[in-house]
Amino acid sequence: MKIDQYIGKTAIVNDDPSVTVIRTHHQGRKGFEAIVEKAAENSGITPAVLLGLFDTPTPGLPEKLFAAARRQRELHFGNRVFLYGFLYISTHCRNRCRFCFYRKGNTRVLRYRKTHAQVNESARQLARSGVHLIDLTAGEDPCFFTDDSNGFVPVINMVRSIKEETNMPVMASVGTLTGSVLDKFAAAGVDWYACYQETHNRQLFDQLRVGQSFEARYRSKVAAKARGMLVEEGLLCGAGETAGDLINSFDAMHRLGADQVRAMTFVPQAGTPLEDQPSPSFWREIIAIALMRIAFPGLLIPASLDVDGLAGLRKRLDAGANVVTSLVPPGRGLVGVAQRSLDIEDGRRSVKGIARTLFTCGLQPASTDQYRNWIDERKRANSLDDHRAATAC
């Protein structure tokens, strides 16, 4: 088995917000090999066998990989993990993503838009519980994405209120944004912009995100970084990608300069074109998390509660994740993404609900100051990198 067998079709890079470059097999080989070789060196697993783990988890080998990933996490973060509160503020969406329950036209969705007061109270509840960040998430709600430049004012007002009342960092995960909207988000104090490509294989992207622009989605992340925001990039596992596609995506994440990278398992959703697809193994996501930790040892890598709930948290932490995401306050009528209700109303997706799992993994929540310090240091490093690049030009 040769590495060449796993090289995916394409990966996008974009060092200049105005230029989009698609790299081919040959052009992407150096970055691809570097990532695989680094993981192989850390885990003691040959590159070909390591890549084969995505499809056939050989008994005993994944644990070697996970142990190597945990060593990298401990080296850079000790035993501290960060916790993200999750507020799905609107389940309306103009898009027809084939994998998403909230896609336009799905009549099985109970749609809602949370009010400013509801979001504020939920954010305060999360802040009191001990999370480090508030993640405001929504579909591409037509009420926001309008020709009127004030369409995003309600979200921007929510951001300002949350920061004033809780003094917490805020992430915005509300779709593909233009530069003018990102300017307003940055001015309001948004710390993070999350906009997942899901895959960097152009053909697969077109199949999953029907009618959307691959380039526009990628450029929005570049534009957010240019405005001083931190950026999260994410991949969907088990939705038709190859092992090579995943590794090529890691290379694209590196070139983007992503500050947080994630992988999540595809969950078939009722009322979507993919609802009858078999549920994929969680192994791809877990292997991807471990490889991400080795490839990006100093970045934030989430263990999401949105796929398997609390039951799946330990295996993601054991693979090297250092952020727990999708903590949702009960009693607020809020939903998740891949799993709309799993573990929410019984409080298992809360700081208190995950405490024992963290303890059994030898981990504990970081302090608020530790998270803020990480953000500040990362922003300073990004700013210095931008200055160096500008000076070099």
# chains A, B, ... in the order shown; residues from 1 in each chain; ligands from 1
>>> residues_around(residues="range 345-349 of chain A", least_positions_apart="5", cutoff="12 Å", atoms="only C-alpha atoms", output="PyMOL selection string")
chain A and resi 83-86+126+129+131+304-313+324-336+339-340+354-357
>>> select_by_dssp(residues="range 201-389 of chain A", states="strand (DSSP E or B)", output="number ranges by chain")
A: 230-237, 260-265, 300, 302-304, 323-327, 364-365
>>> write_last_selection(atoms="C-alpha atoms", output="PDB file, in the first residue's frame")
ATOM      1  CA  LEU A 230      -9.868  33.601  15.212  1.00  0.00           C
ATOM      2  CA  VAL A 231     -11.211  30.988  12.797  1.00  0.00           C
ATOM      3  CA  GLU A 232     -12.535  27.463  13.204  1.00  0.00           C
ATOM      4  CA  GLU A 233     -12.564  25.045  10.264  1.00  0.00           C
ATOM      5  CA  GLY A 234     -14.392  21.713  10.290  1.00  0.00           C
ATOM      6  CA  LEU A 235     -14.720  18.442   8.407  1.00  0.00           C
ATOM      7  CA  LEU A 236     -17.581  15.978   8.027  1.00  0.00           C
ATOM      8  CA  CYS A 237     -16.535  12.329   8.310  1.00  0.00           C
ATOM      9  CA  GLN A 260      -9.404  25.585  15.898  1.00  0.00           C
ATOM     10  CA  VAL A 261      -9.973  22.476  13.777  1.00  0.00           C
ATOM     11  CA  ARG A 262     -12.599  19.826  14.157  1.00  0.00           C
ATOM     12  CA  ALA A 263     -13.973  16.621  12.691  1.00  0.00           C
ATOM     13  CA  MET A 264     -17.533  15.368  13.180  1.00  0.00           C
ATOM     14  CA  THR A 265     -19.254  12.181  12.097  1.00  0.00           C
ATOM     15  CA  LEU A 300      -7.789  23.802  19.825  1.00  0.00           C
ATOM     16  CA  PRO A 302     -13.101  19.937  19.916  1.00  0.00           C
ATOM     17  CA  ALA A 303     -14.767  16.838  21.263  1.00  0.00           C
ATOM     18  CA  SER A 304     -18.365  17.509  20.310  1.00  0.00           C
ATOM     19  CA  VAL A 323     -12.253  21.422  23.939  1.00  0.00           C
ATOM     20  CA  VAL A 324     -15.713  20.139  24.869  1.00  0.00           C
ATOM     21  CA  THR A 325     -18.331  21.745  22.632  1.00  0.00           C
ATOM     22  CA  SER A 326     -22.111  21.784  22.330  1.00  0.00           C
ATOM     23  CA  LEU A 327     -22.833  22.283  26.016  1.00  0.00           C
ATOM     24  CA  GLN A 364     -10.151  19.266  34.311  1.00  0.00           C
ATOM     25  CA  PRO A 365     -11.661  22.515  33.080  1.00  0.00           C
TER      26      PRO A 365
END
>>> atom_distance(atom1="CA of Cys93 in chain A", atom2="CA of Leu133 in chain A")
24.1 Å
>>> residues_around(residues="Ile375 in chain A", least_positions_apart="5", cutoff="10 Å", atoms="only C-alpha atoms", output="count of residues only")
10
